[in-house]
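Q: Just work_0.txt, nothing more (compact mmCIF, C-alpha atoms (C1' of nucleotides)):
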```
# COMPACT_ATOMS: atom_id res chain seq x y z
CA MET A 700 0.00 0.00 0.00
CA ASN A 701 1.42 3.39 -0.95
CA ALA A 702 1.53 6.01 1.74
CA PRO A 703 -1.05 8.67 0.96
CA ILE A 704 -0.02 12.28 0.52
CA GLU A 705 0.30 14.08 3.83
CA LEU A 706 -2.45 16.57 4.47
CA PRO A 707 -2.74 18.97 7.37
CA LEU A 708 -4.91 18.02 10.30
CA VAL A 709 -5.71 20.73 12.81
CA VAL A 710 -5.84 19.57 16.41
CA ILE A 711 -7.15 21.81 19.16
CA VAL A 712 -6.44 20.63 22.68
CA GLY A 713 -7.26 22.28 25.99
CA PRO A 714 -9.19 21.81 29.19
CA THR A 715 -12.95 21.82 29.33
CA ALA A 716 -14.48 25.31 29.00
CA SER A 717 -11.40 26.72 27.29
CA GLY A 718 -13.32 27.44 24.10
CA LYS A 719 -12.11 24.64 21.83
CA SER A 720 -15.43 24.28 20.05
CA THR A 721 -15.74 27.98 19.39
CA LEU A 722 -12.24 28.15 18.00
CA GLY A 723 -12.87 25.06 15.91
CA VAL A 724 -15.89 26.58 14.24
CA TRP A 725 -14.15 29.89 13.77
CA LEU A 726 -11.24 28.22 11.98
CA ALA A 727 -13.50 25.92 9.98
CA GLU A 728 -15.44 28.89 8.63
CA ARG A 729 -12.28 30.53 7.40
CA LEU A 730 -10.29 27.54 6.19
CA ASP A 731 -12.84 25.27 4.55
CA GLY A 732 -12.82 22.96 7.47
CA GLU A 733 -15.09 20.55 9.24
CA VAL A 734 -15.03 19.83 12.94
CA ILE A 735 -14.39 16.39 14.37
CA ALA A 736 -15.14 16.09 18.04
CA CYS A 737 -12.69 14.05 20.05
CA ASP A 738 -14.58 13.78 23.27
CA SER A 739 -15.64 10.59 24.94
CA THR A 740 -18.88 12.09 26.24
CA GLN A 741 -20.13 14.03 23.26
CA LEU A 742 -20.34 10.76 21.41
CA TYR A 743 -23.57 10.00 23.22
CA CYS A 744 -26.95 10.85 21.83
CA GLY A 745 -29.14 12.80 24.19
CA PHE A 746 -26.38 13.78 26.56
CA ASP A 747 -26.21 17.31 25.29
CA ILE A 748 -26.28 20.03 27.89
CA GLY A 749 -23.94 18.49 30.40
CA THR A 750 -21.35 17.45 27.86
CA ALA A 751 -21.22 21.00 26.50
CA LYS A 752 -21.97 19.66 23.07
CA PRO A 753 -22.06 22.61 20.67
CA ALA A 754 -25.65 23.49 19.85
CA LEU A 755 -26.75 23.79 16.24
CA LYS A 756 -26.59 27.57 16.25
CA GLU A 757 -23.09 27.45 17.67
CA ARG A 758 -22.03 25.18 14.84
CA ARG A 759 -22.96 27.95 12.41
CA GLY A 760 -23.53 25.54 9.59
CA VAL A 761 -20.10 23.96 9.87
CA PRO A 762 -20.40 20.16 9.63
CA HIS A 763 -19.58 18.42 12.90
CA HIS A 764 -18.57 14.78 13.10
CA LEU A 765 -18.58 12.23 15.87
CA LEU A 766 -21.29 13.82 17.93
CA ASP A 767 -24.33 11.70 18.76
CA VAL A 768 -23.02 8.46 17.33
CA LEU A 769 -23.75 6.22 20.32
CA ASP A 770 -26.94 5.69 22.23
CA GLY A 771 -26.99 5.85 25.98
CA LYS A 772 -26.72 2.13 26.45
CA GLU A 773 -23.51 1.74 24.48
CA GLU A 774 -19.99 2.27 25.74
CA SER A 775 -17.32 4.13 23.90
CA THR A 776 -13.74 2.94 23.81
CA ALA A 777 -10.49 4.41 22.61
CA GLY A 778 -10.21 1.77 19.89
CA GLY A 779 -13.77 2.30 18.77
CA TYR A 780 -13.24 6.02 18.59
CA ARG A 781 -10.15 5.52 16.46
CA GLU A 782 -12.07 3.50 13.92
CA LEU A 783 -14.82 6.09 13.69
CA ALA A 784 -12.36 8.94 13.35
CA LEU A 785 -10.37 7.19 10.65
CA ALA A 786 -13.53 6.80 8.60
CA VAL A 787 -14.31 10.49 8.95
CA LEU A 788 -10.78 11.42 7.93
CA ARG A 789 -11.05 9.28 4.80
CA ASP A 790 -14.25 11.05 3.95
CA LEU A 791 -12.78 14.52 4.45
CA ARG A 792 -9.75 13.60 2.38
CA ALA A 793 -12.01 12.56 -0.47
CA ARG A 794 -13.95 15.80 -0.22
CA LYS A 795 -10.83 17.93 0.24
CA ARG A 796 -11.93 19.47 3.49
CA LEU A 797 -9.67 20.45 6.35
CA PRO A 798 -10.28 18.33 9.44
CA ILE A 799 -10.30 20.22 12.72
CA LEU A 800 -10.21 18.03 15.77
CA THR A 801 -11.50 19.52 19.00
CA VAL A 802 -10.00 17.37 21.70
CA GLY A 803 -11.17 16.97 25.25
CA THR A 804 -10.20 13.33 25.63
CA GLY A 805 -6.44 13.02 25.43
CA LEU A 806 -6.43 9.24 25.31
CA TYR A 807 -8.63 9.19 22.23
CA LEU A 808 -6.39 11.67 20.46
CA ARG A 809 -3.39 9.57 21.23
CA ALA A 810 -5.18 6.45 20.04
CA LEU A 811 -5.91 8.19 16.77
CA LEU A 812 -2.53 9.82 16.19
CA GLU A 813 -0.21 7.21 17.60
CA GLY A 814 -2.39 4.17 17.27
CA LEU A 815 -2.99 1.42 19.75
CA ALA A 816 -1.06 -1.78 20.17
CA ASP A 817 -2.79 -4.82 18.84
CA LEU A 818 -4.68 -5.65 21.99
CA PRO A 819 -7.89 -7.55 22.50
CA GLN A 820 -11.01 -5.64 23.41
CA ARG A 821 -12.45 -5.86 26.85
CA SER A 822 -14.11 -9.04 27.90
CA GLU A 823 -16.99 -8.43 30.25
CA GLU A 824 -17.21 -12.00 31.55
CA LEU A 825 -13.56 -12.07 32.46
CA ARG A 826 -13.81 -8.69 34.10
CA GLU A 827 -16.76 -9.72 36.17
CA ARG A 828 -14.93 -12.74 37.47
CA LEU A 829 -11.86 -10.65 38.27
CA TRP A 830 -13.87 -8.04 40.14
CA ALA A 831 -15.56 -10.74 42.11
CA SER A 832 -12.36 -12.43 43.20
CA ALA A 833 -10.70 -9.09 43.84
CA GLU A 834 -13.48 -8.27 46.25
CA GLU A 835 -13.18 -11.64 47.89
CA HIS A 836 -9.42 -11.62 48.35
CA GLY A 837 -8.91 -7.96 49.21
CA VAL A 838 -6.52 -5.29 47.96
CA GLY A 839 -3.24 -6.56 46.69
CA TYR A 840 -4.76 -9.66 45.17
CA LEU A 841 -4.94 -8.33 41.63
CA HIS A 842 -1.49 -6.89 41.93
CA ARG A 843 -0.09 -10.25 42.96
CA ILE A 844 -1.63 -11.84 39.88
CA VAL A 845 -0.07 -9.21 37.65
CA GLU A 846 3.28 -9.73 39.33
CA ARG A 847 3.07 -13.34 38.29
CA LEU A 848 1.78 -12.78 34.76
CA ASP A 849 3.72 -9.67 33.89
CA PRO A 850 6.26 -8.43 36.43
CA GLU A 851 7.29 -5.53 34.24
CA SER A 852 3.79 -4.08 34.10
CA ALA A 853 3.26 -4.81 37.77
CA GLY A 854 6.08 -2.42 38.56
CA LYS A 855 4.28 0.39 36.80
CA ILE A 856 0.82 -0.03 38.26
CA ALA A 857 -0.11 0.84 41.82
CA PRO A 858 -1.62 -2.02 43.82
CA ALA A 859 -4.74 0.06 44.37
CA ASP A 860 -5.32 0.78 40.70
CA GLU A 861 -7.79 -2.02 40.13
CA GLN A 862 -9.03 -0.70 36.82
CA LYS A 863 -5.61 -0.82 35.20
CA LEU A 864 -4.70 -4.10 36.89
CA ILE A 865 -7.79 -5.74 35.52
CA ARG A 866 -7.08 -4.52 32.05
CA THR A 867 -3.55 -5.88 32.31
CA ILE A 868 -4.70 -9.29 33.50
CA GLU A 869 -7.34 -9.36 30.81
CA VAL A 870 -4.80 -8.76 28.07
CA CYS A 871 -2.32 -11.23 29.52
CA LEU A 872 -4.91 -13.98 29.70
CA LEU A 873 -6.42 -13.35 26.30
CA THR A 874 -3.12 -13.02 24.44
CA ARG A 875 -1.15 -15.44 26.64
CA LYS A 876 1.62 -12.86 26.68
CA PRO A 877 2.66 -10.14 29.12
CA LEU A 878 1.08 -6.77 28.32
CA ALA A 879 4.49 -5.13 28.36
CA GLU A 880 5.62 -7.46 25.62
CA VAL A 881 2.54 -6.87 23.48
CA HIS A 882 3.13 -3.14 23.84
CA ARG A 883 6.61 -3.52 22.48
CA SER A 884 5.20 -5.00 19.31
CA GLY A 885 4.32 -1.41 18.51
CA ARG A 886 1.46 0.76 17.44
CA LYS A 887 0.32 1.85 14.05
CA PRO A 888 0.49 5.60 13.93
CA LEU A 889 -1.80 7.66 11.76
CA GLU A 890 -0.58 7.90 8.19
CA GLY A 891 -1.23 10.55 5.62
CA TRP A 892 -1.92 13.39 8.01
CA ARG A 893 0.31 16.05 9.44
CA PRO A 894 -1.07 17.32 12.74
CA VAL A 895 -0.91 21.03 13.48
CA LYS A 896 -1.59 21.29 17.19
CA ILE A 897 -3.02 24.30 18.92
CA GLY A 898 -3.31 24.28 22.70
CA LEU A 899 -5.60 26.53 24.70
CA MET A 900 -4.26 27.24 28.17
CA PRO A 901 -6.15 30.13 29.75
CA PRO A 902 -5.13 31.40 33.19
CA ARG A 903 -6.26 28.94 35.83
CA GLU A 904 -8.41 31.40 37.77
CA ALA A 905 -10.26 32.60 34.71
CA LEU A 906 -10.85 29.05 33.55
CA TYR A 907 -12.32 28.06 36.88
CA GLN A 908 -14.60 31.06 36.80
CA ARG A 909 -15.86 29.97 33.42
CA VAL A 910 -16.40 26.48 34.67
CA HIS A 911 -18.55 27.84 37.47
CA ALA A 912 -20.53 30.14 35.25
CA ARG A 913 -21.03 27.45 32.64
CA THR A 914 -22.31 24.99 35.24
CA GLU A 915 -24.88 27.51 36.39
CA ALA A 916 -25.87 28.21 32.81
CA MET A 917 -26.27 24.53 32.04
CA LEU A 918 -28.49 24.05 35.05
CA ALA A 919 -30.53 27.08 34.10
CA GLY A 920 -30.72 25.71 30.59
CA GLY A 921 -32.59 22.57 31.55
CA TRP A 922 -29.90 20.09 32.40
CA LEU A 923 -31.95 18.46 35.12
CA GLU A 924 -34.82 18.03 32.68
CA GLU A 925 -32.47 16.39 30.25
CA VAL A 926 -31.44 13.85 32.86
CA ARG A 927 -35.06 13.19 33.78
CA ARG A 928 -35.90 12.66 30.12
CA LEU A 929 -32.97 10.29 29.56
CA MET A 930 -34.00 8.23 32.54
CA ALA A 931 -37.58 8.12 31.36
CA SER A 932 -36.49 7.12 27.88
CA GLY A 933 -35.03 3.90 29.15
CA VAL A 934 -31.34 4.59 29.48
CA PRO A 935 -30.43 2.25 32.34
CA GLU A 936 -29.14 3.63 35.62
CA SER A 937 -26.00 1.61 35.10
CA ALA A 938 -25.19 3.25 31.76
CA LYS A 939 -21.67 4.57 31.51
CA ALA A 940 -22.88 7.93 30.35
CA PHE A 941 -24.79 8.44 33.57
CA ASP A 942 -21.48 8.49 35.41
CA PHE A 943 -20.24 11.55 33.58
CA ILE A 944 -19.66 14.66 35.62
CA GLY A 945 -22.95 16.24 36.46
CA TYR A 946 -25.09 13.36 35.29
CA ARG A 947 -24.26 11.38 38.38
CA GLU A 948 -24.92 14.34 40.65
CA LEU A 949 -28.20 15.20 38.96
CA ARG A 950 -29.40 11.63 39.25
CA LYS A 951 -28.85 12.00 42.96
CA VAL A 952 -30.96 15.13 42.90
CA LEU A 953 -33.74 13.25 41.15
CA ARG A 954 -33.49 10.49 43.72
CA GLY A 955 -33.75 13.10 46.46
CA GLU A 956 -30.30 12.43 47.85
CA MET A 957 -28.97 15.89 47.16
CA ASN A 958 -30.38 19.33 46.51
CA LEU A 959 -29.64 21.39 43.44
CA GLU A 960 -27.34 23.74 45.24
CA GLN A 961 -25.18 20.91 46.54
CA ALA A 962 -25.19 19.32 43.13
CA SER A 963 -24.05 22.52 41.51
CA ALA A 964 -21.15 22.86 43.91
CA ALA A 965 -20.18 19.22 43.45
CA ILE A 966 -20.31 19.54 39.68
CA GLN A 967 -18.15 22.63 39.68
CA GLN A 968 -15.61 20.94 41.85
CA ALA A 969 -15.51 17.76 39.78
CA THR A 970 -15.17 19.82 36.63
CA ARG A 971 -12.27 21.77 38.06
CA ARG A 972 -10.46 18.57 38.88
CA TYR A 973 -11.22 17.20 35.47
CA ALA A 974 -9.84 20.31 33.80
CA LYS A 975 -6.71 19.92 35.83
CA ARG A 976 -6.21 16.32 34.74
CA GLN A 977 -6.70 17.37 31.14
CA MET A 978 -4.02 20.01 31.49
CA THR A 979 -1.65 17.45 32.99
CA TRP A 980 -2.24 15.18 30.03
CA PHE A 981 -2.02 17.83 27.34
CA ARG A 982 1.12 19.40 28.71
CA ARG A 983 2.93 16.24 27.66
CA GLU A 984 1.51 16.29 24.15
CA LYS A 985 4.30 16.88 21.68
CA GLY A 986 4.49 19.76 19.29
CA VAL A 987 1.67 21.88 20.63
CA HIS A 988 1.55 25.63 19.90
CA TRP A 989 0.25 26.91 23.19
CA LEU A 990 -1.98 29.99 23.39
CA ALA A 991 -2.60 31.59 26.76
CA GLY A 992 -6.28 32.36 26.46
CA PHE A 993 -9.77 31.22 25.50
CA GLY A 994 -10.84 30.06 22.06
CA ASP A 995 -13.48 32.74 21.79
CA GLU A 996 -11.07 35.63 22.19
CA PRO A 997 -10.43 37.41 18.86
CA LYS A 998 -6.75 37.76 19.68
CA ILE A 999 -6.38 34.04 20.31
CA GLN A 1000 -8.39 33.16 17.22
CA GLN A 1001 -6.14 35.35 15.12
CA GLU A 1002 -3.04 33.76 16.60
CA ALA A 1003 -4.41 30.31 15.94
CA LYS A 1004 -5.10 31.19 12.34
CA GLU A 1005 -1.59 32.53 11.90
CA ILE A 1006 -0.22 29.23 13.13
CA VAL A 1007 -2.44 27.09 10.94
CA SER A 1008 -2.54 29.03 7.68
CA PRO A 1009 1.12 28.66 6.70
CA GLN A 1010 0.79 24.92 7.18
CA LEU A 1011 -2.02 24.53 4.71
CA GLY A 1012 -0.15 24.96 1.47
CA ALA A 1013 3.13 23.39 2.51
CA PRO A 1014 3.16 19.83 1.20
CA VAL A 1015 5.45 17.45 3.06
CA THR A 1016 7.11 19.49 5.78
CA GLY A 1017 7.25 17.76 9.12
CA ALA A 1018 5.08 19.18 11.82
CA ARG A 1019 6.90 21.71 13.86
CA GLY A 1020 5.87 22.82 17.27
CA ILE A 1021 6.78 24.58 20.41
CA ASP A 1022 7.11 22.35 23.40
CA VAL A 1023 6.23 23.72 26.77
C1' G B 506 -26.43 37.30 85.55
C1' G B 507 -26.03 31.59 86.21
C1' A B 508 -25.17 26.17 84.36
C1' C B 509 -23.16 23.17 81.02
C1' G B 510 -20.70 22.11 76.10
C1' G B 511 -17.09 23.93 72.85
C1' G B 512 -12.88 27.03 70.42
C1' U B 513 -7.16 22.47 66.69
C1' G B 514 -3.51 23.71 60.30
C1' G B 515 -7.61 26.51 53.85
C1' G B 516 -12.39 23.39 55.52
C1' U B 517 -14.68 19.23 58.34
C1' G B 518 -12.61 16.90 62.43
C1' A B 519 -9.44 13.19 65.70
C1' G B 520 -6.19 13.81 69.45
C1' U B 521 -6.41 14.39 76.96
C1' G B 522 1.26 15.17 79.45
C1' G B 523 6.48 13.00 75.74
C1' C B 524 6.07 8.23 70.11
C1' U B 525 2.53 15.31 67.55
C1' A B 526 4.17 19.85 62.50
C1' A B 527 -0.39 17.33 65.01
C1' A B 528 -4.84 11.03 62.55
C1' A B 529 -8.52 10.84 58.87
C1' C B 530 -11.27 13.02 55.11
C1' C B 531 -12.08 17.20 51.77
C1' A B 532 -10.12 21.17 49.10
C1' G B 533 -5.44 22.72 46.70
C1' C B 534 -0.88 21.64 43.90
C1' A B 535 2.15 18.26 41.05
C1' G B 536 2.23 13.69 38.44
C1' A B 537 1.04 8.71 35.95
C1' C B 538 -2.11 6.59 32.55
C1' U B 539 -2.13 1.89 25.07
C1' G B 540 -9.95 -0.02 24.61
C1' U B 541 -14.17 2.55 31.59
C1' A B 542 -10.34 8.18 30.32
C1' A B 543 -15.77 13.54 32.42
C1' A B 544 -12.50 7.11 34.28
C1' U B 545 -8.65 5.10 37.47
C1' C B 546 -4.41 5.77 40.32
C1' U B 547 0.26 8.13 42.76
C1' G B 548 3.02 11.94 45.40
C1' C B 549 3.20 16.65 48.06
C1' C B 550 0.58 19.59 51.26
C1' G B 551 2.99 25.41 58.31
C1' C B 552 7.45 28.55 57.14
C1' U B 553 12.50 28.31 56.36
C1' C B 554 17.98 26.78 55.88
C1' C B 555 21.50 23.69 53.90
C1' U B 556 26.31 19.45 53.25
C1' U B 557 18.71 16.87 50.83
C1' G B 558 19.04 13.91 55.83
C1' C B 559 14.36 8.74 59.02
C1' G B 560 18.80 16.71 58.81
C1' G B 561 18.76 21.84 61.35
C1' G B 562 16.02 26.28 62.83
C1' C B 563 11.47 28.95 63.54
C1' U B 564 6.21 29.38 64.18
C1' A B 565 1.50 26.66 65.46
C1' C B 566 -3.85 23.85 68.55
C1' G B 567 -8.88 31.30 70.91
C1' A B 568 -5.52 35.01 74.31
C1' A B 569 -2.37 35.84 78.42
C1' G B 570 -0.11 33.78 82.46
C1' G B 571 1.22 29.32 85.41
C1' U B 572 2.53 23.94 86.75
C1' U B 573 6.19 20.46 84.58
C1' C B 574 12.57 18.07 82.46
C1' G B 575 8.47 18.28 78.73
C1' A B 576 1.60 20.92 77.32
C1' A B 577 -2.86 21.04 71.87
C1' U B 578 -3.41 17.99 76.19
C1' C B 579 -3.15 19.96 83.53
C1' C B 580 -4.28 24.89 86.47
C1' U B 581 -5.83 30.33 86.55
C1' U B 582 -7.90 34.55 84.35
C1' C B 583 -9.83 36.75 80.06
C1' C B 584 -12.22 36.70 75.04
C1' C B 585 -15.53 34.33 71.62
C1' C B 586 -19.40 30.49 69.98
C1' G B 587 -23.59 27.01 71.05
C1' U B 588 -27.42 25.04 74.23
C1' C B 589 -30.15 25.55 78.60
C1' C B 590 -31.71 28.33 83.23
C1' A B 591 -32.90 33.31 84.92
```
As structure tokens, please, write out the structure in this file.
A:
Amino acid sequence: MNAPIELPLVVIVGPTASGKSTLGVWLAERLDGEVIACDSTQLYCGFDIGTAKPALKERRGVPHHLLDVLDGKEESTAGGYRELALAVLRDLRARKRLPILTVGTGLYLRALLEGLADLPQRSEELRERLWASAEEHGVGYLHRIVERLDPESAGKIAPADEQKLIRTIEVCLLTRKPLAEVHRSGRKPLEGWRPVKIGLMPPREALYQRVHARTEAMLAGGWLEEVRRLMASGVPESAKAFDFIGYRELRKVLRGEMNLEQASAAIQQATRRYAKRQMTWFRREKGVHWLAGFGDEPKIQQEAKEIVSPQLGAPVTGARGIDV
RNA sequence: GGACGGGUGGGUGAGUGGCUAAAACCAGCAGACUGUAAAUCUGCCGCUCCUUGCGGGCUACGAAGGUUCGAAUCCUUCCCCGUCCA
């Protein structure tokens, strides 16, 4: 298979509420682009307000991809996202449109750009058994198993990190090889695209203020009603999407375990922590042009355009970036 | 005015003479993370100094005194908060 010609791919990273969507649309309007959401929560149909999914009017006629592609009962995965995104990229290549990725979920971006090792998908039966015996045998049990199956990975995972331990055991059992070894077999990075990465990093205080204001606005905009409707429409309580920030708190409100005021405070706090984790992740992302502001600020938008524009014509130059 | 109960680090709150710069939890900060990632987990968390060590100094449990080799912990007075009695 011949390697396809490299085309530019705009990637916008940043914490929640930093204005990625706004900047994405703004750039798309000026550069013949289409937006591809890279957000594990915006994938879900019906989960709109709380996931800060851009509303139709905010999309301003710019096509948006990978919103509303799962129903509430399904579960997204990094590998699944990669497949979906690759299909969209093929489509945009054929139609000669500039893809603009708005990225909230760092893992999904990495899965798309750097690929994933050839690992089996999750196995629910296996996981259930592991959870059960983990509960029975107490903390440390899973870690001891990993030490036996894959000492190298065991050294990298904390004994309390059951989620990662289970994934490791799962892969070891299904592939009959240590995870660490399977990882060494390599990943298949994205071919045919040259990422141009823009990072939004507004001042911490200002970001938190936006998070607070946005939470209030979402609640005023009918978020609780949305949750009520989703529950009534048959999305099971156990659905993954109901564990997203805000959705879990608002379910408590509906169950009478919490009042709206408490929920609002809890949501703001959880969102702040989430934003912080995103920043930790994105700071390590290579080749990002960082901008110290919000994506809806004209100054920032202009700067972003000045970074992207020169990259559009240039054929096969390697992506250059400023590391922070 | 009287009787109790209480005032602890950013918050909640344990601690009743040395093992206490003070549990635990939360918040905060930093970090890890290849199919749950809006998840999961880790470290730090009074100030300060350096020869970064289970190191030194300083400050700290409402305030001021006192007892003691040693006090957040005991005593005295004062100030504040809560409940009850007048």
Q: Need to verify the contact set: stretch 746-761 of chain A, 7 Å, all atoms listed in the file, exclusion of same-chain residues closer than 6 positions in sequence. Can you return it as a list of chain:residue names?
A: A:Ser720, A:Val724, A:Ala727, A:Glu728, A:Glu733, A:Thr740, A:Met917, A:Trp922, A:Gly945
Q: Might you pull out every residue within 12 Å of A:Arg909, with only C-alpha atoms (C1' of nucleotides) counted and same-chain residues fewer than 6 positions away left off, and present them as number ranges by chain?
A: A: 714-718, 901-903, 915-917, 967, 970-971, 974, 993
Q: For the residues in that selection, give me C-alpha atoms as a PDB file, in the coordinates of the input.
A:
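That gives us again-v3.pdb:
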```
ATOM      1  CA  PRO A 714      -9.190  21.810  29.190  1.00  0.00           C
ATOM      2  CA  THR A 715     -12.950  21.820  29.330  1.00  0.00           C
ATOM      3  CA  ALA A 716     -14.480  25.310  29.000  1.00  0.00           C
ATOM      4  CA  SER A 717     -11.400  26.720  27.290  1.00  0.00           C
ATOM      5  CA  GLY A 718     -13.320  27.440  24.100  1.00  0.00           C
ATOM      6  CA  PRO A 901      -6.150  30.130  29.750  1.00  0.00           C
ATOM      7  CA  PRO A 902      -5.130  31.400  33.190  1.00  0.00           C
ATOM      8  CA  ARG A 903      -6.260  28.940  35.830  1.00  0.00           C
ATOM      9  CA  GLU A 915     -24.880  27.510  36.390  1.00  0.00           C
ATOM     10  CA  ALA A 916     -25.870  28.210  32.810  1.00  0.00           C
ATOM     11  CA  MET A 917     -26.270  24.530  32.040  1.00  0.00           C
ATOM     12  CA  GLN A 967     -18.150  22.630  39.680  1.00  0.00           C
ATOM     13  CA  THR A 970     -15.170  19.820  36.630  1.00  0.00           C
ATOM     14  CA  ARG A 971     -12.270  21.770  38.060  1.00  0.00           C
ATOM     15  CA  ALA A 974      -9.840  20.310  33.800  1.00  0.00           C
ATOM     16  CA  PHE A 993      -9.770  31.220  25.500  1.00  0.00           C
TER      17      PHE A 993
END
```
Q: Quick one: everything within 6 Å of stretch 541-551 of chain B, counting all atoms listed in the file, minus sequence neighbours fewer than 4 positions away in the same chain. Send it as a compact mmCIF listing (two decimals) with C-alpha atoms, in the coordinates of the input.
A:
```txt
# COMPACT_ATOMS: atom_id res chain seq x y z
CA ASP A 860 -5.32 0.78 40.70
CA GLN A 862 -9.03 -0.70 36.82
CA PHE A 943 -20.24 11.55 33.58
CA ILE A 944 -19.66 14.66 35.62
```
Q: Just checking: using all atoms listed in the file, which residue out of B:G522, B:G558, B:G516, B:G510 ends up closest to B:G575?
A: B:G522
Q: Mind checking which residues fall within 10 Å of B:A537, counting all atoms listed in the file, ignoring those fewer than 2 positions away in the same chain, and posting them as a ChimeraX atom specification?
A: /A:855-857,979-980 /B:546-547
Q: Next, dump the selected residues to file, keeping only C-alpha atoms (C1' of nucleotides), as a PDB file, in the frame of the given file.
A:
```pdb
ATOM      1  CA  LYS A 855       4.280   0.390  36.800  1.00  0.00           C
ATOM      2  CA  ILE A 856       0.820  -0.030  38.260  1.00  0.00           C
ATOM      3  CA  ALA A 857      -0.110   0.840  41.820  1.00  0.00           C
ATOM      4  CA  THR A 979      -1.650  17.450  32.990  1.00  0.00           C
ATOM      5  CA  TRP A 980      -2.240  15.180  30.030  1.00  0.00           C
TER       6      TRP A 980
ATOM      7  C1'   C B 546      -4.410   5.770  40.320  1.00  0.00           C
ATOM      8  C1'   U B 547       0.260   8.130  42.760  1.00  0.00           C
TER       9        U B 547
END
```
Q: Distance cut-off 8 Å, counting only C-alpha atoms (C1' of nucleotides) - which residues of chain A neighbour chain B? Return them as a ChimeraX atom specification.
A: /A:739-740,776-779,804-806,810,815-816,820-821,857,859-863,882,939,943-944,970,973,979
Q: With a distance cut-off of 9 Å and only C-alpha atoms (C1' of nucleotides), select the neighbouring residues of stretch 951-966 of chain A, excluding the residue or stretch itself and same-chain residues fewer than 2 positions from it, and output the selection as a ChimeraX atom specification.
A: /A:911,914-915,918,923,926-927,944-949,968-971
Q: Can you measure atom CA of A:His764 to atom CA of A:Leu800 for me? One decimal in Å is fine.
A: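 Result for atom CA of A:His764 versus atom CA of A:Leu800: 9.4 Å, one decimal.
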Q: One number please: atom CA of A:Leu785 to atom CA of A:Leu811, in Å, one decimal.
A: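 Computing the Euclidean distance for atom CA of A:Leu785 and atom CA of A:Leu811 yields 7.6 Å.
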Q: Interatomic distance between atom CA of A:Leu848 and atom CA of A:Arg886?
A: 22.0 Å
Q: Could you tell me which of A:Arg796, A:Arg809, A:Arg983, A:Lys772 comes closest to A:Pro888 if we count all atoms listed in the file?
A: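 Distance minimum relative to A:Pro888 lands on A:Arg809.
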Q: Take stretch 848-870 of chain A from the block and save it with C-alpha atoms, as an mmCIF file, in the first residue's frame.
A:
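Dumped everything to selection.cif:
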```
data_model
loop_
_atom_site.group_PDB
_atom_site.id
_atom_site.type_symbol
_atom_site.label_atom_id
_atom_site.label_comp_id
_atom_site.auth_asym_id
_atom_site.auth_seq_id
_atom_site.Cartn_x
_atom_site.Cartn_y
_atom_site.Cartn_z
ATOM 1 C CA LEU A 848 1.785 -12.781 34.760
ATOM 2 C CA ASP A 849 3.718 -9.672 33.889
ATOM 3 C CA PRO A 850 6.263 -8.433 36.428
ATOM 4 C CA GLU A 851 7.288 -5.533 34.237
ATOM 5 C CA SER A 852 3.790 -4.078 34.096
ATOM 6 C CA ALA A 853 3.256 -4.812 37.769
ATOM 7 C CA GLY A 854 6.077 -2.424 38.562
ATOM 8 C CA LYS A 855 4.276 0.390 36.797
ATOM 9 C CA ILE A 856 0.815 -0.032 38.260
ATOM 10 C CA ALA A 857 -0.113 0.839 41.817
ATOM 11 C CA PRO A 858 -1.616 -2.020 43.825
ATOM 12 C CA ALA A 859 -4.738 0.064 44.365
ATOM 13 C CA ASP A 860 -5.322 0.781 40.695
ATOM 14 C CA GLU A 861 -7.786 -2.024 40.129
ATOM 15 C CA GLN A 862 -9.026 -0.701 36.816
ATOM 16 C CA LYS A 863 -5.612 -0.825 35.202
ATOM 17 C CA LEU A 864 -4.700 -4.100 36.891
ATOM 18 C CA ILE A 865 -7.790 -5.739 35.521
ATOM 19 C CA ARG A 866 -7.079 -4.517 32.046
ATOM 20 C CA THR A 867 -3.546 -5.883 32.308
ATOM 21 C CA ILE A 868 -4.696 -9.292 33.501
ATOM 22 C CA GLU A 869 -7.339 -9.363 30.808
ATOM 23 C CA VAL A 870 -4.800 -8.759 28.070
#
```
